[in-house]
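Chemist: My file is entry_30.txt. It has compact mmCIF, C-alpha atoms:
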# COMPACT_ATOMS: atom_id res chain seq x y z
CA MET A 1 75.39 126.02 342.71
CA ASP A 2 78.91 125.55 343.85
CA PRO A 3 79.90 128.31 346.29
CA GLN A 4 83.34 128.42 344.86
CA SER A 5 81.99 129.13 341.40
CA ILE A 6 79.79 131.82 342.87
CA TYR A 7 82.82 133.35 344.58
CA GLN A 8 84.77 133.25 341.33
CA GLN A 9 81.93 134.94 339.50
CA GLY A 10 81.82 137.64 342.17
CA VAL A 11 85.47 138.23 341.81
CA GLU A 12 85.16 138.55 338.10
CA LEU A 13 82.37 141.08 338.48
CA GLU A 14 84.47 143.51 340.68
CA PRO A 15 86.56 146.11 338.67
CA THR A 16 90.31 145.66 338.77
CA PRO A 17 92.05 148.79 340.24
CA GLU A 18 94.30 150.72 337.74
CA ALA A 19 98.03 151.17 338.41
CA PRO A 20 99.10 154.83 339.17
CA PRO A 21 100.51 156.63 336.05
CA ARG A 22 104.30 156.93 335.78
CA ARG A 23 105.71 160.48 335.94
CA ASN A 24 107.90 161.59 333.01
CA ILE A 25 111.08 162.82 334.73
CA THR A 26 113.01 163.39 331.49
CA VAL A 27 111.88 167.03 331.32
CA PHE A 28 113.08 167.69 334.86
CA ILE A 29 116.42 166.09 334.09
CA VAL A 30 116.91 168.31 331.00
CA ILE A 31 115.95 171.46 332.91
CA GLY A 32 118.33 170.58 335.69
CA ALA A 33 121.17 169.90 333.27
CA VAL A 34 120.64 173.25 331.49
CA PHE A 35 120.55 175.10 334.80
CA LEU A 36 123.76 173.38 335.88
CA LEU A 37 125.50 174.28 332.61
CA LEU A 38 124.43 177.92 332.95
CA LEU A 39 125.71 178.01 336.49
CA ILE A 40 129.07 176.58 335.40
CA ALA A 41 129.31 179.09 332.52
CA VAL A 42 128.53 182.07 334.75
CA THR A 43 131.10 180.89 337.27
CA ILE A 44 133.78 180.55 334.58
CA ILE A 45 133.01 184.01 333.14
CA PHE A 46 133.13 185.53 336.63
CA PHE A 47 136.59 184.15 337.35
CA LEU A 48 137.88 185.14 333.87
CA VAL A 49 136.71 188.74 334.30
CA ARG A 50 138.14 188.88 337.78
CA ALA A 51 141.47 187.51 336.59
CA ARG A 52 141.64 190.03 333.75
CA THR A 53 140.76 192.91 336.06
CA ASN A 54 143.49 191.89 338.46
CA THR A 55 145.97 191.61 335.62
CA THR A 56 145.08 195.09 334.35
CA GLN A 57 145.43 196.57 337.80
CA GLN A 58 148.76 194.88 338.30
CA GLN A 59 149.94 196.17 334.91
CA GLY A 60 148.79 199.65 335.83
CA LYS A 61 150.65 199.48 339.09
CA THR A 62 153.71 198.10 337.35
CA SER A 63 153.66 200.83 334.69
CA ALA A 64 153.22 203.45 337.38
CA LEU A 65 156.16 202.11 339.26
CA THR A 66 158.32 201.46 336.19
CA PRO A 67 160.11 204.68 335.14
CA GLN A 68 159.60 205.67 331.51
CA PRO A 69 162.74 205.66 329.39
CA THR A 70 164.30 209.07 328.84
CA PRO A 71 163.76 210.27 325.23
CA SER A 72 166.90 210.22 323.17
CA PHE A 73 168.50 213.29 321.65
CA TYR A 74 167.10 212.34 318.25
CA GLN A 75 163.58 211.89 319.60
CA LEU A 76 163.65 215.27 321.30
CA VAL A 77 164.93 217.10 318.23
CA THR A 78 162.40 215.27 316.05
CA GLN A 79 159.63 216.53 318.33
CA ASP A 80 160.98 220.08 317.99
CA ILE A 81 161.04 219.78 314.21
CA GLN A 82 157.51 218.42 314.09
CA GLY A 83 156.34 221.35 316.19
CA GLN A 84 157.92 223.76 313.71
CA GLU A 85 156.19 222.01 310.83
CA VAL A 86 152.80 222.82 312.36
CA LYS A 87 153.73 226.46 312.91
CA LEU A 88 155.06 226.83 309.37
CA ALA A 89 151.76 225.50 308.03
CA GLU A 90 149.98 228.20 310.05
CA LEU A 91 152.38 230.82 308.69
CA GLU A 92 151.57 229.71 305.15
CA ASN A 93 147.89 230.35 305.88
CA ASP A 94 148.84 233.79 307.18
CA MET A 95 150.58 234.54 303.90
CA ARG A 96 147.42 233.70 301.98
CA THR A 97 145.51 236.06 304.27
CA LEU A 98 147.98 238.84 303.42
CA ASP A 99 147.33 238.27 299.72
CA GLU A 100 143.60 238.58 300.38
CA MET A 101 144.12 241.84 302.28
CA LEU A 102 146.11 243.39 299.45
CA ALA A 103 143.49 242.26 296.93
CA TYR A 104 140.60 243.59 299.05
CA GLU A 105 137.86 245.38 297.14
CA SER A 106 135.18 247.53 298.68
CA VAL A 107 131.47 246.93 298.16
CA ASN A 108 130.27 248.67 295.01
CA PHE A 109 128.28 251.85 295.65
CA SER A 110 128.36 253.36 292.16
CA ASP A 111 124.81 252.41 291.30
CA VAL A 112 123.35 253.73 294.55
CA LEU A 113 125.22 257.04 294.69
CA THR A 114 123.39 258.44 291.65
CA PRO A 115 120.48 260.82 292.33
CA LEU A 116 117.10 259.24 292.76
CA PRO A 117 115.04 259.05 289.59
CA VAL A 118 111.51 260.31 289.62
CA GLN A 119 109.77 257.21 290.85
CA THR A 120 107.12 256.16 293.30
CA PRO A 121 107.76 256.78 297.00
CA GLU A 122 108.00 253.02 297.50
CA TRP A 123 110.91 252.80 295.05
CA GLN A 124 112.68 255.68 296.78
CA VAL A 125 112.42 253.90 300.14
CA GLN A 126 113.66 250.67 298.58
CA LYS A 127 116.74 252.35 297.08
CA VAL A 128 117.62 253.91 300.43
CA GLU A 129 117.36 250.51 302.13
CA ILE A 130 119.57 248.88 299.47
CA ALA A 131 122.24 251.56 299.94
CA LYS A 132 122.10 251.19 303.74
CA ALA A 133 122.42 247.39 303.53
CA ARG A 134 125.52 247.62 301.33
CA ALA A 135 127.12 250.24 303.55
CA GLU A 136 126.51 248.22 306.71
CA LEU A 137 127.92 245.10 305.03
CA GLU A 138 131.09 246.94 304.07
CA ILE A 139 131.49 248.41 307.56
CA ASP A 140 131.03 245.00 309.21
CA ARG A 141 133.67 243.46 306.92
CA ARG A 142 136.21 246.13 307.76
CA ILE A 143 135.54 246.07 311.50
CA ALA A 144 135.86 242.26 311.59
CA THR A 145 139.30 242.48 309.96
CA LEU A 146 140.45 245.28 312.26
CA ASP A 147 139.25 243.40 315.35
CA LYS A 148 141.38 240.41 314.36
CA LEU A 149 144.39 242.67 313.91
CA SER A 150 143.90 244.15 317.39
CA SER A 151 143.92 240.66 318.91
CA GLN A 152 147.06 239.69 317.00
CA ILE A 153 148.89 242.83 318.07
CA ALA A 154 148.06 242.07 321.70
CA VAL A 155 149.50 238.52 321.58
CA ALA A 156 152.63 239.37 319.58
CA LYS A 157 155.58 237.84 321.45
CA LYS A 158 158.65 239.79 320.29
CA MET A 159 157.06 243.07 319.27
CA SER A 160 158.09 245.96 321.50
CA GLN A 161 155.46 247.67 323.61
CA ALA A 162 156.13 250.94 321.77
CA LEU A 163 155.42 249.31 318.41
CA LYS A 164 152.30 247.62 319.79
CA SER A 165 151.03 251.00 320.96
CA GLN A 166 151.81 252.61 317.61
CA LEU A 167 149.93 249.93 315.65
CA THR A 168 147.03 249.88 318.10
CA ASN A 169 146.68 253.64 317.74
CA GLU A 170 146.24 253.15 314.01
CA VAL A 171 143.72 250.31 314.27
CA GLU A 172 141.45 251.38 317.14
CA PRO A 173 140.47 254.79 315.70
CA GLN A 174 139.45 253.03 312.49
CA ILE A 175 137.16 250.71 314.45
CA SER A 176 135.62 253.60 316.40
CA SER A 177 135.10 255.70 313.29
CA LEU A 178 133.46 252.86 311.38
CA SER A 179 131.22 251.94 314.30
CA SER A 180 130.01 255.54 314.65
CA LEU A 181 129.43 255.80 310.92
CA LYS A 182 127.36 252.61 310.96
CA GLU A 183 125.07 254.05 313.64
CA VAL A 184 124.50 257.19 311.57
CA ILE A 185 123.82 255.20 308.39
CA SER A 186 121.46 252.80 310.15
CA GLY A 187 119.28 255.70 311.33
CA GLN A 188 119.37 257.55 308.02
CA THR A 189 116.11 257.90 306.06
CA ASN A 190 117.00 260.78 303.75
CA PHE A 191 118.75 259.79 300.53
CA GLY A 192 120.82 262.96 300.39
CA GLY A 193 122.18 262.46 303.90
CA LEU A 194 122.76 258.75 303.27
CA MET A 195 124.70 259.54 300.09
CA ALA A 196 126.98 261.87 302.06
CA ASN A 197 127.63 259.18 304.67
CA ILE A 198 128.40 256.57 302.00
CA ASN A 199 130.85 258.98 300.39
CA ILE A 200 132.64 259.19 303.74
CA LEU A 201 132.80 255.39 303.85
CA SER A 202 134.14 255.25 300.28
CA ASP A 203 136.82 257.84 301.05
CA SER A 204 137.94 255.82 304.07
CA TYR A 205 138.71 252.88 301.78
CA LYS A 206 142.29 254.06 301.42
CA ASN A 207 142.67 253.96 305.21
CA HIS A 208 141.72 250.30 305.19
CA GLN A 209 143.98 249.52 302.23
CA VAL A 210 147.06 250.91 303.98
CA VAL A 211 146.52 250.31 307.69
CA VAL A 212 145.39 246.68 307.42
CA PRO A 213 148.26 245.23 305.31
CA LYS A 214 150.81 247.42 307.13
CA VAL A 215 149.77 246.10 310.54
CA TYR A 216 149.50 242.55 309.27
CA ILE A 217 153.02 242.66 307.83
CA ALA A 218 154.24 243.78 311.25
CA VAL A 219 152.39 240.86 312.87
CA LEU A 220 153.88 238.42 310.36
CA GLY A 221 157.34 239.82 311.06
CA ASP A 222 156.84 239.10 314.73
CA LYS A 223 155.79 235.50 314.00
CA ILE A 224 158.79 235.03 311.71
CA ASN A 225 161.13 236.31 314.44
CA VAL A 226 159.62 233.93 316.98
CA LEU A 227 159.98 230.97 314.62
CA GLY A 228 163.52 232.06 313.81
CA ASP A 229 164.46 231.98 317.49
CA GLU A 230 162.97 228.51 317.87
CA PHE A 231 164.86 227.25 314.83
CA THR A 232 168.04 228.78 316.25
CA GLY A 233 167.44 226.74 319.40
CA ILE A 234 167.22 223.58 317.29
CA ALA A 235 170.40 224.60 315.46
CA ASP A 236 172.21 225.04 318.79
CA LYS A 237 171.26 221.49 319.85
CA LEU A 238 172.47 220.10 316.53
CA ALA A 239 175.70 222.11 316.77
CA GLN A 240 176.36 220.67 320.23
CA LYS A 241 175.91 217.12 318.92
CA ILE A 242 178.18 217.86 315.97
CA GLY A 243 180.82 219.09 318.41
CA GLU A 244 180.58 215.87 320.41
CA PHE A 245 181.10 213.75 317.30
CA ARG A 246 183.98 215.94 316.12
CA ALA A 247 185.67 215.46 319.50
CA LEU A 248 185.38 211.71 318.90
CA GLY A 249 187.11 212.05 315.56
CA LYS A 250 183.97 211.48 313.47
CA ASP A 251 183.54 212.96 310.00
CA VAL A 252 181.05 215.81 310.51
CA VAL A 253 181.93 217.97 307.49
CA SER A 254 178.59 217.40 305.77
CA ALA A 255 176.65 218.17 308.94
CA GLN A 256 178.67 221.35 309.50
CA LYS A 257 178.01 222.59 305.96
CA THR A 258 174.29 221.98 306.28
CA LEU A 259 174.24 223.70 309.66
CA GLY A 260 176.02 226.70 308.16
CA HIS A 261 173.36 226.92 305.45
CA MET A 262 170.62 226.62 308.06
CA LEU A 263 172.01 229.51 310.08
CA TYR A 264 172.45 231.59 306.92
CA VAL A 265 168.83 231.25 305.76
CA LEU A 266 167.60 231.98 309.28
CA GLY A 267 169.62 235.20 309.37
CA ASP A 268 168.53 236.18 305.87
CA GLY A 269 164.88 235.55 306.72
CA ALA A 270 165.10 237.67 309.86
CA ASN A 271 166.73 240.52 307.95
CA LYS A 272 164.09 240.52 305.22
CA ALA A 273 161.25 240.50 307.73
CA GLU A 274 162.89 243.43 309.54
CA ASN A 275 163.35 245.36 306.27
CA ALA A 276 159.71 244.78 305.38
CA LEU A 277 158.62 246.22 308.73
CA ILE A 278 160.90 249.26 308.37
CA ALA A 279 159.47 249.93 304.90
CA VAL A 280 155.78 249.84 305.85
CA LEU A 281 155.76 251.65 309.20
CA PRO A 282 155.98 255.18 307.72
CA LEU A 283 153.20 254.56 305.17
CA SER A 284 150.23 256.88 305.39
CA PRO A 285 146.70 256.39 304.00
CA GLN A 286 146.88 259.86 302.45
CA ASP A 287 149.53 258.60 300.01
CA TYR A 288 147.50 255.64 298.78
CA PRO A 289 147.62 254.25 296.07
CA LYS A 290 151.07 255.70 295.36
CA ASN A 291 152.55 253.72 298.25
CA LYS A 292 150.98 250.41 297.22
CA PRO A 293 154.23 249.23 295.53
CA VAL A 294 155.94 249.55 298.92
CA LEU A 295 153.33 247.25 300.44
CA LEU A 296 153.76 244.74 297.62
CA ASP A 297 157.54 244.77 298.01
CA ALA A 298 157.21 244.24 301.77
CA LYS A 299 154.89 241.32 301.09
CA SER A 300 157.51 239.71 298.83
CA LYS A 301 160.12 240.12 301.57
CA VAL A 302 158.06 238.30 304.21
CA GLN A 303 157.29 235.60 301.65
CA VAL A 304 161.01 235.05 301.18
CA SER A 305 161.39 234.89 304.96
CA GLN A 306 158.75 232.17 305.05
CA LYS A 307 160.59 230.20 302.35
CA ASN A 308 163.81 230.55 304.31
CA LEU A 309 162.14 229.04 307.35
CA ASN A 310 161.08 226.09 305.21
CA LEU A 311 164.69 225.74 304.10
CA ALA A 312 165.79 225.78 307.73
CA LEU A 313 163.31 223.02 308.46
CA SER A 314 164.75 220.93 305.62
CA ASP A 315 168.31 221.55 306.85
CA ALA A 316 167.38 220.49 310.39
CA ARG A 317 165.97 217.21 309.09
CA ASN A 318 169.05 216.57 306.97
CA ILE A 319 171.45 217.28 309.83
CA LEU A 320 169.53 214.93 312.09
CA ASN A 321 169.73 212.18 309.45
CA ILE A 322 173.48 212.74 309.06
CA LEU A 323 174.09 212.57 312.81
CA GLN A 324 172.06 209.39 313.16
CA ALA A 325 174.02 207.87 310.28
CA ILE A 326 177.30 208.77 311.98
CA GLU A 327 176.15 207.15 315.20
CA THR A 328 174.81 203.99 313.58
CA GLY A 329 177.41 203.71 310.83
CA LYS A 330 174.72 203.60 308.11
CA PRO A 331 174.50 206.04 305.16
CA PRO A 332 171.95 208.84 305.72
CA ALA A 333 168.60 208.45 303.99
CA ARG A 334 167.80 211.11 301.39
CA ASN A 335 164.49 212.84 302.00
CA PHE A 336 162.17 214.78 299.73
CA PHE A 337 163.74 218.11 300.59
CA GLN A 338 167.17 216.94 299.56
CA VAL A 339 165.89 215.80 296.18
CA PHE A 340 163.73 218.91 295.58
CA PRO A 341 165.23 221.70 297.71
CA PHE A 342 163.53 225.06 298.18
CA LYS A 343 165.06 228.11 296.55
CA PHE A 344 165.36 231.40 298.34
CA GLN A 345 166.16 234.89 297.19
Could I get this structure in the form of structure tokens?
Modeler:
Amino acid sequence: MDPQSIYQQGVELEPTPEAPPRRNITVFIVIGAVFLLLLIAVTIIFFLVRARTNTTQQQGKTSALTPQPTPSFYQLVTQDIQGQEVKLAELENDMRTLDEMLAYESVNFSDVLTPLPVQTPEWQVQKVEIAKARAELEIDRRIATLDKLSSQIAVAKKMSQALKSQLTNEVEPQISSLSSLKEVISGQTNFGGLMANINILSDSYKNHQVVVPKVYIAVLGDKINVLGDEFTGIADKLAQKIGEFRALGKDVVSAQKTLGHMLYVLGDGANKAENALIAVLPLSPQDYPKNKPVLLDAKSKVQVSQKNLNLALSDARNILNILQAIETGKPPARNFFQVFPFKFQ
């Protein structure tokens, strides 16, 4: 045999070595690209946030250094008027409270003041407990009202110390008396004794019906006087501006007329509140209900005072509009209160 052929056969019999597999680098390329994009995005966001923070700080520094413009006369008076609007809304709520005080009705005791019928002992105990619960409810209602009055007397701004003492001396004994009566009623187990205590509470109803509205009318008079002073301050500012325009030869007749009306209603409101106070101070619980018409008349007087303050508010707005029109040369805008003015008595 030919050695060469044998060599060739041997070569053919040996296995051919396989080539090493190729690595798929596409996945690594994609991951690297995503990571690079995220890094770029985070870097951009970081610089944007930093730039915005710096801008905000610079603006803050600039605003702190930049002086705020001084409010104009019209802005200041507008703020005063808006403040009075809030206080007048509170005064209107006070007027509704006065109506509630004058319409106050005591808890009904008529069905528990009758003698006990011949019933089981359990029923007798139950009737005593019902009577006690009603009495305690009535006492708590009255004390809550009197406590509020005491607080309002203490914070009254224009009320004299002598008047505060006089009103306090009418309210505090009522609170003490009712508190003591509640303790006695709470410990009562005998129907006869309880009935006597409830009769005392019923008789004291006239004290509540006179003292409470009388003191509250005095408190309302104080609030009306305070508001009147504040409105007078606004009127003084408007009068000064009117004087400046008159010195410049401007037509301020309309503003002067409205200011005159404003000062008139303020004076009328103050007088009516004062007359209401003078009328109610001498009232005594012993004369109730004969003196109830006096309380009702005093209530109508403070209601008129409240309406006059609303008129003063409308006048202040109108004067401000007129003055702005004079300064700008434009006709004043008519507001709601000019179209539908309040009426006062």
Chemist: Would you mind reading off the distance between atom CA of Phe73 of chain A and atom CA of Leu266 of chain A, one decimal, in Å?
Modeler: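 Separation between atom CA of Phe73 of chain A and atom CA of Leu266 of chain A: 22.4 Å.
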Chemist: For each of A:Thr78, A:Gln152, A:Gln306, A:Asn199, take the minimum atom-to-atom distance to Ala135 of chain A, counting all atoms listed in the file, then give the residue where this is smallest.
Modeler: A:Asn199
Chemist: Would you kindly return, as a PyMOL selection string, each protein, DNA or RNA residue with an atom no farther than 7 Å from any atom of Lys301 of chain A, considering all atoms listed in the file and excluding same-chain residues fewer than 3 positions away?
Modeler: chain A and resi 272-273+276+297-298+304-305
Chemist: Using only C-alpha atoms, which residues sit within 10 Å of segment 176-193 of chain A once same-chain residues fewer than 3 positions away are excluded, as a ChimeraX atom specification?
Modeler: /A:112-113,115-116,124-125,127-129,131-133,135-140,142-143,171-173,196-201,204
Chemist: When you look at segment 240-256 of chain A with a cut-off of 9 Å (counting all atoms listed in the file), what residues show up, excluding the ones that are within fewer than 6 positions of it in the same chain? I need them as a list in words.
Modeler: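 The filter keeps Phe73, Asn318, Ile319, Leu320, Ile322, Leu323, Ile326 and Glu327 of chain A.
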Chemist: Just to confirm, what's the straight-line distance from atom CA of Leu194 of chain A to atom CA of Trp123 of chain A in Å (one decimal)?
Modeler: 15.6 Å
Chemist: At what distance in Å, to one decimal, does atom CA of Val302 of chain A lie from atom CA of Ile278 of chain A?
Modeler: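 Taking atom CA of Ile278 of chain A and atom CA of Val302 of chain A, their separation equals 12.1 Å.
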Chemist: So, with all atoms listed in the file as the atoms that count, which of A:Asn291, A:Gln126, A:Asn169, A:Thr97 lies closest to Ile217 of chain A?
Modeler: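 Nearest to Ile217 of chain A: A:Thr97.
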Chemist: Would you please work out which residue, of A:Met195, A:Leu283, A:Leu102, A:Leu277, is nearest to Pro213 of chain A when using all atoms listed in the file?
Modeler: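 With all atoms listed in the file as the atom set, the closest residue is A:Leu102.
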Chemist: Restricting the calculation to only C-alpha atoms, which member of A:Leu48, A:Ala270, A:Ile234, A:Val215 is positioned closest to Gln82 of chain A?
Modeler: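 Distance minimum relative to Gln82 of chain A lands on A:Ile234.
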Chemist: Rank A:Val294, A:Met95, A:Leu163, A:Val77 by their smallest atom-to-atom distance to Asp236 of chain A, using all atoms listed in the file, and report the top residue only.
Modeler: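 Counting all atoms listed in the file, the residue closest to Asp236 of chain A is A:Val77.
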Chemist: Compare A:Val226, A:Val265, A:Leu311, A:Ala144 by their minimum atom-to-atom distance to Lys87 of chain A, counting only C-alpha atoms, and give me the closest one.
Modeler: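 So, comparing all the options, the nearest one is A:Val226.
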Chemist: Limit the output to all heavy atoms and give segment 247-258 of chain A as an mmCIF file, in the first residue's frame.
Modeler:
data_model
loop_
_atom_site.group_PDB
_atom_site.id
_atom_site.type_symbol
_atom_site.label_atom_id
_atom_site.label_comp_id
_atom_site.auth_asym_id
_atom_site.auth_seq_id
_atom_site.Cartn_x
_atom_site.Cartn_y
_atom_site.Cartn_z
ATOM 1 N N ALA A 247 -59.047 122.203 46.653
ATOM 2 C CA ALA A 247 -57.964 123.184 46.531
ATOM 3 C C ALA A 247 -57.412 123.227 45.124
ATOM 4 O O ALA A 247 -56.883 124.265 44.684
ATOM 5 C CB ALA A 247 -56.862 122.853 47.533
ATOM 6 N N LEU A 248 -57.545 122.119 44.384
ATOM 7 C CA LEU A 248 -57.078 122.068 42.999
ATOM 8 C C LEU A 248 -58.138 122.537 42.013
ATOM 9 O O LEU A 248 -57.922 122.494 40.796
ATOM 10 C CB LEU A 248 -56.645 120.640 42.641
ATOM 11 C CG LEU A 248 -55.443 120.086 43.421
ATOM 12 C CD1 LEU A 248 -55.235 118.614 43.083
ATOM 13 C CD2 LEU A 248 -54.187 120.893 43.109
ATOM 14 N N GLY A 249 -59.276 122.957 42.548
ATOM 15 C CA GLY A 249 -60.330 123.458 41.682
ATOM 16 C C GLY A 249 -61.204 122.368 41.082
ATOM 17 O O GLY A 249 -61.931 122.616 40.118
ATOM 18 N N LYS A 250 -61.173 121.173 41.647
ATOM 19 C CA LYS A 250 -61.979 120.064 41.131
ATOM 20 C C LYS A 250 -63.415 120.175 41.638
ATOM 21 O O LYS A 250 -63.683 120.770 42.691
ATOM 22 C CB LYS A 250 -61.399 118.717 41.572
ATOM 23 C CG LYS A 250 -59.937 118.502 41.176
ATOM 24 C CD LYS A 250 -59.793 118.285 39.687
ATOM 25 C CE LYS A 250 -58.356 117.934 39.329
ATOM 26 N NZ LYS A 250 -58.162 117.693 37.876
ATOM 27 N N ASP A 251 -64.337 119.592 40.890
ATOM 28 C CA ASP A 251 -65.742 119.576 41.281
ATOM 29 C C ASP A 251 -65.966 118.444 42.282
ATOM 30 O O ASP A 251 -65.981 117.265 41.922
ATOM 31 C CB ASP A 251 -66.632 119.370 40.049
ATOM 32 C CG ASP A 251 -68.108 119.394 40.397
ATOM 33 O OD1 ASP A 251 -68.448 119.698 41.565
ATOM 34 O OD2 ASP A 251 -68.935 119.093 39.506
ATOM 35 N N VAL A 252 -66.158 118.803 43.558
ATOM 36 C CA VAL A 252 -66.309 117.795 44.611
ATOM 37 C C VAL A 252 -67.669 117.908 45.298
ATOM 38 O O VAL A 252 -67.855 117.401 46.408
ATOM 39 C CB VAL A 252 -65.180 117.940 45.650
ATOM 40 C CG1 VAL A 252 -63.835 117.578 45.052
ATOM 41 C CG2 VAL A 252 -65.146 119.353 46.231
ATOM 42 N N VAL A 253 -68.630 118.549 44.631
ATOM 43 C CA VAL A 253 -69.941 118.767 45.248
ATOM 44 C C VAL A 253 -70.613 117.442 45.590
ATOM 45 O O VAL A 253 -71.140 117.244 46.692
ATOM 46 C CB VAL A 253 -70.838 119.608 44.313
ATOM 47 C CG1 VAL A 253 -72.252 119.704 44.889
ATOM 48 C CG2 VAL A 253 -70.247 121.002 44.124
ATOM 49 N N SER A 254 -70.593 116.508 44.654
ATOM 50 C CA SER A 254 -71.242 115.219 44.883
ATOM 51 C C SER A 254 -70.594 114.475 46.042
ATOM 52 O O SER A 254 -71.283 113.895 46.890
ATOM 53 C CB SER A 254 -71.170 114.372 43.609
ATOM 54 O OG SER A 254 -71.751 113.105 43.813
ATOM 55 N N ALA A 255 -69.270 114.503 46.096
ATOM 56 C CA ALA A 255 -68.565 113.830 47.188
ATOM 57 C C ALA A 255 -68.883 114.482 48.529
ATOM 58 O O ALA A 255 -69.054 113.790 49.546
ATOM 59 C CB ALA A 255 -67.062 113.861 46.931
ATOM 60 N N GLN A 256 -68.988 115.816 48.545
ATOM 61 C CA GLN A 256 -69.302 116.513 49.787
ATOM 62 C C GLN A 256 -70.701 116.175 50.287
ATOM 63 O O GLN A 256 -70.923 115.981 51.483
ATOM 64 C CB GLN A 256 -69.162 118.018 49.586
ATOM 65 C CG GLN A 256 -67.721 118.503 49.498
ATOM 66 C CD GLN A 256 -67.629 120.002 49.235
ATOM 67 O OE1 GLN A 256 -68.328 120.532 48.370
ATOM 68 N NE2 GLN A 256 -66.774 120.682 49.972
ATOM 69 N N LYS A 257 -71.662 116.095 49.361
ATOM 70 C CA LYS A 257 -73.037 115.749 49.760
ATOM 71 C C LYS A 257 -73.089 114.344 50.349
ATOM 72 O O LYS A 257 -73.740 114.103 51.372
ATOM 73 C CB LYS A 257 -73.969 115.857 48.554
ATOM 74 C CG LYS A 257 -74.269 117.275 48.114
ATOM 75 C CD LYS A 257 -75.249 117.276 46.948
ATOM 76 C CE LYS A 257 -75.581 118.700 46.511
ATOM 77 N NZ LYS A 257 -76.521 118.713 45.352
ATOM 78 N N THR A 258 -72.423 113.421 49.693
ATOM 79 C CA THR A 258 -72.423 112.039 50.184
ATOM 80 C C THR A 258 -71.724 111.936 51.530
ATOM 81 O O THR A 258 -72.160 111.189 52.421
ATOM 82 C CB THR A 258 -71.748 111.106 49.158
ATOM 83 O OG1 THR A 258 -72.318 111.312 47.870
ATOM 84 C CG2 THR A 258 -71.929 109.654 49.553
#
